[in-house]
>>> print(open('upload09.cif').read())   # mmCIF, N, CA and C atoms
data_protein
#
loop_
_atom_site.label_atom_id
_atom_site.label_comp_id
_atom_site.auth_asym_id
_atom_site.auth_seq_id
_atom_site.Cartn_x
_atom_site.Cartn_y
_atom_site.Cartn_z
N MET A 1 -12.98 -24.27 -3.23
CA MET A 1 -12.05 -25.30 -3.66
C MET A 1 -10.67 -25.01 -3.08
N PRO A 2 -10.09 -25.99 -2.38
CA PRO A 2 -8.80 -25.75 -1.74
C PRO A 2 -7.64 -25.54 -2.72
N ASN A 3 -7.68 -26.13 -3.90
CA ASN A 3 -6.57 -26.01 -4.86
C ASN A 3 -6.86 -25.02 -5.98
N GLU A 4 -7.86 -24.19 -5.78
CA GLU A 4 -8.24 -23.23 -6.80
C GLU A 4 -7.14 -22.17 -6.96
N ILE A 5 -6.77 -21.89 -8.18
CA ILE A 5 -5.78 -20.85 -8.47
C ILE A 5 -6.53 -19.60 -8.90
N LEU A 6 -6.36 -18.54 -8.13
CA LEU A 6 -7.08 -17.31 -8.38
C LEU A 6 -6.23 -16.32 -9.17
N SER A 7 -6.88 -15.57 -10.03
CA SER A 7 -6.20 -14.51 -10.75
C SER A 7 -6.01 -13.31 -9.81
N GLN A 8 -5.21 -12.33 -10.23
CA GLN A 8 -5.04 -11.11 -9.44
C GLN A 8 -6.39 -10.44 -9.23
N HIS A 9 -7.18 -10.40 -10.26
CA HIS A 9 -8.51 -9.80 -10.20
C HIS A 9 -9.36 -10.49 -9.13
N GLN A 10 -9.39 -11.82 -9.15
CA GLN A 10 -10.19 -12.57 -8.18
C GLN A 10 -9.68 -12.38 -6.76
N LYS A 11 -8.37 -12.36 -6.59
CA LYS A 11 -7.79 -12.16 -5.25
C LYS A 11 -8.17 -10.79 -4.69
N ALA A 12 -8.00 -9.76 -5.51
CA ALA A 12 -8.31 -8.40 -5.06
C ALA A 12 -9.81 -8.26 -4.75
N LEU A 13 -10.65 -8.80 -5.59
CA LEU A 13 -12.09 -8.72 -5.36
C LEU A 13 -12.49 -9.48 -4.10
N ARG A 14 -11.91 -10.63 -3.88
CA ARG A 14 -12.21 -11.41 -2.68
C ARG A 14 -11.85 -10.61 -1.42
N ILE A 15 -10.72 -9.93 -1.44
CA ILE A 15 -10.32 -9.10 -0.30
C ILE A 15 -11.26 -7.91 -0.17
N ASN A 16 -11.60 -7.26 -1.29
CA ASN A 16 -12.52 -6.12 -1.23
C ASN A 16 -13.88 -6.50 -0.66
N LEU A 17 -14.32 -7.70 -0.89
CA LEU A 17 -15.63 -8.12 -0.41
C LEU A 17 -15.61 -8.64 1.03
N ASP A 18 -14.45 -8.71 1.63
CA ASP A 18 -14.31 -9.13 3.03
C ASP A 18 -14.46 -7.90 3.92
N ALA A 19 -15.60 -7.76 4.55
CA ALA A 19 -15.93 -6.56 5.34
C ALA A 19 -15.08 -6.43 6.60
N LYS A 20 -14.27 -7.42 6.92
CA LYS A 20 -13.48 -7.37 8.15
C LYS A 20 -12.09 -6.79 7.95
N ARG A 21 -11.73 -6.42 6.73
CA ARG A 21 -10.41 -5.85 6.44
C ARG A 21 -10.57 -4.41 5.98
N TYR A 22 -9.70 -3.54 6.51
CA TYR A 22 -9.78 -2.13 6.14
C TYR A 22 -8.42 -1.51 6.38
N GLY A 23 -7.88 -0.82 5.37
CA GLY A 23 -6.55 -0.29 5.61
C GLY A 23 -5.98 0.62 4.55
N THR A 24 -4.65 0.68 4.58
CA THR A 24 -3.88 1.62 3.79
C THR A 24 -2.90 0.90 2.87
N PHE A 25 -2.79 1.42 1.66
CA PHE A 25 -1.75 0.99 0.73
C PHE A 25 -0.78 2.16 0.57
N ALA A 26 0.48 1.94 0.91
CA ALA A 26 1.51 2.97 0.77
C ALA A 26 2.59 2.41 -0.14
N GLU A 27 2.80 3.08 -1.24
CA GLU A 27 3.79 2.60 -2.21
C GLU A 27 4.71 3.75 -2.58
N ILE A 28 6.01 3.49 -2.55
CA ILE A 28 6.96 4.50 -2.97
C ILE A 28 7.80 3.94 -4.10
N GLY A 29 8.33 4.83 -4.88
CA GLY A 29 9.11 4.40 -6.03
C GLY A 29 8.27 4.41 -7.28
N ALA A 30 8.13 3.28 -7.89
CA ALA A 30 7.52 3.20 -9.22
C ALA A 30 6.01 2.98 -9.17
N GLY A 31 5.28 3.91 -8.61
CA GLY A 31 3.83 3.93 -8.76
C GLY A 31 3.03 3.14 -7.77
N GLN A 32 1.74 3.01 -8.04
CA GLN A 32 0.80 2.34 -7.16
C GLN A 32 0.11 1.18 -7.86
N GLU A 33 0.89 0.24 -8.31
CA GLU A 33 0.33 -0.87 -9.06
C GLU A 33 -0.57 -1.77 -8.20
N VAL A 34 -0.21 -1.98 -6.96
CA VAL A 34 -1.01 -2.86 -6.10
C VAL A 34 -2.34 -2.21 -5.77
N ALA A 35 -2.31 -0.98 -5.30
CA ALA A 35 -3.56 -0.29 -4.95
C ALA A 35 -4.50 -0.20 -6.16
N ARG A 36 -3.92 -0.02 -7.32
CA ARG A 36 -4.73 0.08 -8.55
C ARG A 36 -5.62 -1.14 -8.74
N TRP A 37 -5.11 -2.33 -8.42
CA TRP A 37 -5.90 -3.55 -8.58
C TRP A 37 -7.16 -3.51 -7.72
N PHE A 38 -7.05 -3.01 -6.51
CA PHE A 38 -8.20 -2.99 -5.61
C PHE A 38 -9.28 -2.01 -6.09
N PHE A 39 -8.85 -0.91 -6.69
CA PHE A 39 -9.81 0.02 -7.27
C PHE A 39 -10.41 -0.53 -8.56
N ARG A 40 -9.60 -1.17 -9.33
CA ARG A 40 -10.00 -1.67 -10.65
C ARG A 40 -11.10 -2.74 -10.58
N VAL A 41 -11.04 -3.61 -9.57
CA VAL A 41 -11.99 -4.72 -9.51
C VAL A 41 -13.32 -4.34 -8.88
N GLY A 42 -13.39 -3.18 -8.22
CA GLY A 42 -14.63 -2.75 -7.60
C GLY A 42 -14.72 -3.12 -6.13
N GLY A 43 -15.56 -2.40 -5.42
CA GLY A 43 -15.77 -2.68 -4.01
C GLY A 43 -14.68 -2.16 -3.09
N ALA A 44 -13.81 -1.31 -3.59
CA ALA A 44 -12.66 -0.86 -2.80
C ALA A 44 -13.05 0.03 -1.63
N SER A 45 -14.20 0.67 -1.69
CA SER A 45 -14.58 1.57 -0.59
C SER A 45 -14.75 0.82 0.73
N GLY A 46 -14.98 -0.47 0.65
CA GLY A 46 -15.08 -1.27 1.87
C GLY A 46 -13.75 -1.78 2.37
N THR A 47 -12.69 -1.57 1.62
CA THR A 47 -11.36 -2.09 1.96
C THR A 47 -10.32 -1.00 2.13
N VAL A 48 -10.37 0.00 1.27
CA VAL A 48 -9.29 0.99 1.21
C VAL A 48 -9.65 2.25 1.98
N ALA A 49 -8.92 2.50 3.06
CA ALA A 49 -9.07 3.75 3.81
C ALA A 49 -8.26 4.84 3.14
N LYS A 50 -7.09 4.47 2.61
CA LYS A 50 -6.17 5.46 2.07
C LYS A 50 -5.17 4.79 1.15
N THR A 51 -4.78 5.51 0.11
CA THR A 51 -3.61 5.13 -0.68
C THR A 51 -2.69 6.32 -0.71
N ILE A 52 -1.40 6.05 -0.75
CA ILE A 52 -0.43 7.13 -0.82
C ILE A 52 0.75 6.65 -1.65
N SER A 53 1.26 7.56 -2.45
CA SER A 53 2.43 7.26 -3.25
C SER A 53 3.40 8.42 -3.13
N ALA A 54 4.55 8.16 -2.53
CA ALA A 54 5.58 9.19 -2.37
C ALA A 54 6.71 8.86 -3.35
N TYR A 55 6.64 9.44 -4.52
CA TYR A 55 7.60 9.12 -5.57
C TYR A 55 8.94 9.83 -5.35
N ASP A 56 8.89 11.04 -4.87
CA ASP A 56 10.09 11.84 -4.65
C ASP A 56 10.69 11.51 -3.28
N MET A 57 12.01 11.32 -3.22
CA MET A 57 12.65 10.94 -1.97
C MET A 57 12.48 12.01 -0.89
N ALA A 58 12.51 13.28 -1.25
CA ALA A 58 12.33 14.35 -0.27
C ALA A 58 10.93 14.29 0.35
N VAL A 59 9.94 13.98 -0.47
CA VAL A 59 8.57 13.84 0.03
C VAL A 59 8.48 12.63 0.96
N SER A 60 9.06 11.53 0.54
CA SER A 60 9.06 10.33 1.37
C SER A 60 9.76 10.58 2.70
N ASP A 61 10.89 11.27 2.67
CA ASP A 61 11.60 11.61 3.91
C ASP A 61 10.75 12.49 4.81
N ALA A 62 10.01 13.43 4.23
CA ALA A 62 9.17 14.31 5.03
C ALA A 62 8.03 13.55 5.71
N ILE A 63 7.53 12.52 5.07
CA ILE A 63 6.43 11.73 5.63
C ILE A 63 6.94 10.69 6.62
N TYR A 64 7.95 9.92 6.21
CA TYR A 64 8.37 8.75 6.98
C TYR A 64 9.68 8.92 7.74
N GLY A 65 10.32 10.08 7.60
CA GLY A 65 11.60 10.31 8.25
C GLY A 65 12.74 9.92 7.32
N PRO A 66 13.91 10.49 7.57
CA PRO A 66 15.05 10.20 6.70
C PRO A 66 15.51 8.75 6.82
N ALA A 67 16.05 8.25 5.73
CA ALA A 67 16.60 6.89 5.71
C ALA A 67 17.90 6.92 4.92
N ASP A 68 18.79 6.01 5.24
CA ASP A 68 20.07 5.94 4.51
C ASP A 68 19.85 5.58 3.05
N ARG A 69 18.89 4.69 2.82
CA ARG A 69 18.57 4.26 1.45
C ARG A 69 17.08 4.37 1.24
N TYR A 70 16.71 4.74 0.05
CA TYR A 70 15.31 4.91 -0.31
C TYR A 70 14.58 3.56 -0.32
N VAL A 71 15.16 2.57 -0.95
CA VAL A 71 14.58 1.23 -1.01
C VAL A 71 15.34 0.37 -0.02
N SER A 72 14.76 0.21 1.19
CA SER A 72 15.44 -0.51 2.25
C SER A 72 14.44 -1.06 3.26
N ARG A 73 14.89 -1.98 4.06
CA ARG A 73 14.06 -2.53 5.13
C ARG A 73 13.71 -1.43 6.14
N GLN A 74 14.66 -0.54 6.40
CA GLN A 74 14.42 0.57 7.33
C GLN A 74 13.27 1.45 6.84
N ARG A 75 13.27 1.79 5.56
CA ARG A 75 12.21 2.62 4.99
C ARG A 75 10.87 1.88 5.05
N LEU A 76 10.86 0.62 4.70
CA LEU A 76 9.64 -0.16 4.72
C LEU A 76 9.06 -0.22 6.13
N ARG A 77 9.90 -0.45 7.11
CA ARG A 77 9.46 -0.51 8.52
C ARG A 77 8.86 0.82 8.96
N SER A 78 9.51 1.93 8.60
CA SER A 78 9.00 3.24 9.00
C SER A 78 7.66 3.52 8.33
N MET A 79 7.49 3.08 7.09
CA MET A 79 6.21 3.24 6.39
C MET A 79 5.11 2.46 7.10
N LEU A 80 5.38 1.20 7.40
CA LEU A 80 4.39 0.36 8.08
C LEU A 80 3.97 0.97 9.41
N ASP A 81 4.96 1.34 10.21
CA ASP A 81 4.68 1.90 11.53
C ASP A 81 3.88 3.20 11.44
N HIS A 82 4.33 4.10 10.59
CA HIS A 82 3.69 5.41 10.45
C HIS A 82 2.23 5.26 10.00
N GLU A 83 2.00 4.49 8.96
CA GLU A 83 0.65 4.35 8.42
C GLU A 83 -0.29 3.62 9.38
N TYR A 84 0.22 2.65 10.12
CA TYR A 84 -0.64 1.93 11.06
C TYR A 84 -1.05 2.83 12.22
N VAL A 85 -0.11 3.62 12.71
CA VAL A 85 -0.44 4.56 13.79
C VAL A 85 -1.52 5.53 13.32
N LEU A 86 -1.41 6.02 12.09
CA LEU A 86 -2.43 6.93 11.57
C LEU A 86 -3.80 6.26 11.49
N LEU A 87 -3.85 5.02 11.04
CA LEU A 87 -5.13 4.29 11.01
C LEU A 87 -5.74 4.20 12.40
N GLN A 88 -4.93 3.82 13.36
CA GLN A 88 -5.42 3.68 14.74
C GLN A 88 -5.93 5.02 15.28
N GLU A 89 -5.15 6.09 15.06
CA GLU A 89 -5.54 7.41 15.58
C GLU A 89 -6.81 7.92 14.92
N ARG A 90 -6.92 7.75 13.62
CA ARG A 90 -8.02 8.35 12.88
C ARG A 90 -9.28 7.50 12.83
N LEU A 91 -9.11 6.18 12.88
CA LEU A 91 -10.28 5.30 12.70
C LEU A 91 -10.48 4.28 13.80
N GLY A 92 -9.54 4.18 14.72
CA GLY A 92 -9.63 3.16 15.76
C GLY A 92 -10.91 3.20 16.57
N GLU A 93 -11.29 4.37 17.01
CA GLU A 93 -12.50 4.51 17.82
C GLU A 93 -13.76 4.23 17.02
N LYS A 94 -13.77 4.67 15.77
CA LYS A 94 -14.96 4.54 14.92
C LYS A 94 -15.14 3.13 14.36
N ARG A 95 -14.02 2.49 13.93
CA ARG A 95 -14.14 1.22 13.21
C ARG A 95 -13.35 0.08 13.82
N GLY A 96 -12.55 0.36 14.84
CA GLY A 96 -11.63 -0.63 15.39
C GLY A 96 -12.29 -1.89 15.92
N ASP A 97 -13.54 -1.80 16.38
CA ASP A 97 -14.24 -2.98 16.89
C ASP A 97 -14.83 -3.84 15.77
N GLN A 98 -14.93 -3.28 14.56
CA GLN A 98 -15.60 -3.98 13.47
C GLN A 98 -14.66 -4.56 12.43
N VAL A 99 -13.44 -4.03 12.35
CA VAL A 99 -12.52 -4.45 11.29
C VAL A 99 -11.13 -4.74 11.84
N ALA A 100 -10.37 -5.46 11.06
CA ALA A 100 -8.94 -5.64 11.33
C ALA A 100 -8.21 -4.67 10.41
N PHE A 101 -7.51 -3.72 10.98
CA PHE A 101 -6.77 -2.76 10.17
C PHE A 101 -5.55 -3.43 9.57
N PHE A 102 -5.20 -3.01 8.37
CA PHE A 102 -3.97 -3.49 7.73
C PHE A 102 -3.26 -2.33 7.06
N VAL A 103 -1.97 -2.49 6.90
CA VAL A 103 -1.16 -1.58 6.10
C VAL A 103 -0.34 -2.43 5.17
N PHE A 104 -0.41 -2.12 3.89
CA PHE A 104 0.40 -2.78 2.89
C PHE A 104 1.35 -1.75 2.34
N CYS A 105 2.64 -1.98 2.51
CA CYS A 105 3.65 -1.05 2.00
C CYS A 105 4.52 -1.76 0.98
N ARG A 106 4.85 -1.00 -0.03
CA ARG A 106 5.67 -1.55 -1.10
C ARG A 106 6.60 -0.45 -1.60
N HIS A 107 7.82 -0.81 -1.80
CA HIS A 107 8.73 0.12 -2.45
C HIS A 107 9.38 -0.62 -3.60
N ARG A 108 9.58 0.11 -4.65
CA ARG A 108 10.07 -0.53 -5.86
C ARG A 108 11.08 0.37 -6.56
N ARG A 109 12.17 -0.22 -6.92
CA ARG A 109 13.13 0.51 -7.73
C ARG A 109 12.57 0.64 -9.13
N HIS A 110 12.96 1.67 -9.79
CA HIS A 110 12.53 1.84 -11.17
C HIS A 110 13.73 2.16 -12.02
N ARG A 111 13.57 1.91 -13.27
CA ARG A 111 14.65 2.18 -14.22
C ARG A 111 14.79 3.68 -14.42
N GLN A 112 16.00 4.14 -14.41
CA GLN A 112 16.26 5.55 -14.67
C GLN A 112 15.90 5.88 -16.11
N PHE A 113 15.23 6.97 -16.28
CA PHE A 113 14.84 7.39 -17.63
C PHE A 113 15.34 8.80 -17.84
N GLN A 114 16.00 9.00 -18.91
CA GLN A 114 16.44 10.34 -19.27
C GLN A 114 15.97 10.62 -20.69
N ALA A 115 15.29 11.72 -20.84
CA ALA A 115 14.81 12.10 -22.16
C ALA A 115 15.99 12.44 -23.07
N PRO A 116 15.89 12.10 -24.33
CA PRO A 116 16.97 12.45 -25.26
C PRO A 116 17.11 13.97 -25.35
N ARG A 117 18.32 14.42 -25.47
CA ARG A 117 18.57 15.87 -25.53
C ARG A 117 18.87 16.29 -26.93
#
>>> encode(input="upload09.cif", output="structure tokens")
Amino acid sequence: MPNEILSQHQKALRINLDAKRYGTFAEIGAGQEVARWFFRVGGASGTVAKTISAYDMAVSDAIYGPADRYVSRQRLRSMLDHEYVLLQERLGEKRGDQVAFFVFCRHRRHRQFQAPR
């Protein structure tokens, strides 16, 4: 149906069941909410090559290189580039003819939390 409105669950499952997509979810900041959906609905082994969450800025800098700001277009671009190169290097020869590789990167600010003293 062209006007069908799909839930998050239905969207993630539809992608998981598409054997032509395979890739990485990289999320920094406040967790891995997007990747969680793909695992939650089932069938993720056919879609997800890798998930990564770099919550600490020093860890993120070590993986993706230093950036002026943690949540920025520069950081997002470096994440996309880095993760896609890794997919190509590690899986290109084995799966590159059968699938379209993708990288989904997300960074999210989170509310500062300080425990009461």
>>> resolve_selection(input="upload09.cif", expression="the PyMOL selection byres (((chain A and resi 64-81 and name CA) around 12) and name CA)", output="PyMOL selection string")
chain A and resi 23-30+52-63+82-88+101-110
>>> select_by_dssp(input="upload09.cif", residues="chain A", states="strand (DSSP E)", output="number ranges by chain")
A: 21-29, 48-54, 100-108
>>> atom_distance(input="upload09.cif", atom1="atom CA of Val48 of chain A", atom2="atom N of Arg36 of chain A")
10.1 Å
>>> closest_residue(input="upload09.cif", among="A:Ala100, A:Leu91, A:Ala49, A:Ala44", to="Asn16 of chain A", atoms="only C-alpha atoms")
A:Ala44
>>> atom_distance(input="upload09.cif", atom1="atom C of Ile15 of chain A", atom2="atom N of Thr51 of chain A")
14.9 Å
>>> atom_distance(input="upload09.cif", atom1="atom CA of Arg14 of chain A", atom2="atom CA of Val99 of chain A")
15.6 Å
>>> select_by_dssp(input="upload09.cif", residues="segment 6-115 of chain A", states="helix (DSSP H, G or I)", output="PyMOL selection string")
chain A and resi 8-16+33-41+44-46+57-64+73-95
>>> closest_residue(input="upload09.cif", among="A:Arg21, A:Gln32, A:Val41, A:Gly92", to="Ser7 of chain A", atoms="only C-alpha atoms")
A:Val41
>>> closest_residue(input="upload09.cif", among="A:Thr47, A:Gly42, A:Glu89, A:Pro2", to="Lys20 of chain A", atoms="only N, CA and C atoms")
A:Thr47
>>> residues_around(input="upload09.cif", residues="Gly43 of chain A", least_positions_apart="6", cutoff="12 Å", atoms="only C-alpha atoms", output="list in words")
His9, Ala12, Leu13, Arg14, Ile15, Asn16, Leu17, Asp18, Ala19, Tyr22 and Trp37 of chain A
>>> axis_aligned_box(input="upload09.cif", around="segment 81-96 of chain A", padding_each_side="6 Å", output="JSON")
{"center_x": -5.1, "center_y": 3.2, "center_z": 13.1, "size_x": 32.1, "size_y": 22.2, "size_z": 21.4}
